[in-house]
Amino acid sequence: LDSTLPIVVMTAWGSIELTVEAMRRGVRDFILKPWENARLLDVLREQIEFGYEARKEHRLRAEVDARARENVRQIEEAREIQRRLLPKEIPQVCGCDISFAWQPAQAVSGDYFDVLKLDEDRVALCIADVSGKGLPAALLMSNVQAAVRAFASAETSPAELCARVNRVVSSNIADDKFI
């Protein structure tokens with residue numbers, strides 16, 4: 001029932017068959033009669049230490065497994081959040097057909113794509129790629145998207161929009177990263 005429980009068999013008789021069957025059932029050691037108390041105490045100490053270490057390892061493995069499951073859950077949730085940051089509908093303007101496909105290299109990515117309708121005749125087409133991969137890049141991408149959406153308007157020129165986004169993003173980004 002518990003593979004970490006140290007089991008020691010004390011018996012007056014022993015055989016290979018008994019030993020094999022006992023080991024199959026989880027026995028860790030045998031003490032045959034007549035036994036010496038010093039040997040018995042040594043075996044018990046050894047098996048108690050083995051059980052302690054086995055339980056400790058089992059707990060650590062369970063903690064690692066639980067963290068791994070939580071990481072997978074968080075990655076899946078992050079992927080869903082990132083998918084929802086993509087445009088649900090692509091605004092169209094007369095004379096243009098705009099469509100997109102998105103496939104991150106990993107579960108999440110630093111790829112940014114957006115189409116913002118500025119007025120009846122104009123859209124802003126936004127494409128960016130954050131250096132790096134995975135969650136750090138995806139976090140920076142969401143920062144870029146938030147800044148673009150906050151500053152984009154029909155009255156803002158592309159140069160002014162880029163300057164504003166750059167001011168916000170550069171204050172939140174590590175020196176070795178770029179977009």
# chains A, B, ... in the order shown; residues from 1 in each chain; ligands from 1
>>> residues_around(residues="stretch 35-49 of chain A", least_positions_apart="3", cutoff="12 Å", atoms="only C-alpha atoms", output="list of chain:residue names")
A:Thr4, A:Leu5, A:Pro6, A:Ile7, A:Val8, A:Val9, A:Met10, A:Thr11, A:Ala12, A:Trp13, A:Val27, A:Arg28, A:Asp29, A:Phe30, A:Ile31, A:Leu32, A:Tyr52, A:Glu53, A:Ala54, A:Arg55, A:Lys56
>>> residues_around(residues="stretch 128-143 of chain A", least_positions_apart="6", cutoff="7 Å", atoms="only C-alpha atoms", output="list of chain:residue names")
A:Gln106, A:Ala107, A:Val108, A:Ser109, A:Gly110, A:Asp111, A:Tyr112, A:Phe113, A:Val169, A:Lys177, A:Phe178, A:Ile179
>>> select_by_dssp(residues="stretch 14-158 of chain A", states="strand (DSSP E or B)", output="number ranges by chain")
A: 29-32, 111-119, 122-129
>>> select_by_dssp(residues="stretch 77-170 of chain A", states="alpha helix (DSSP H)", output="VMD selection string")
chain A and resid 77 to 85 134 to 151 158 to 170
>>> atom_distance(atom1="atom CA of A:Val148", atom2="atom CA of A:Ala163")
10.5 Å
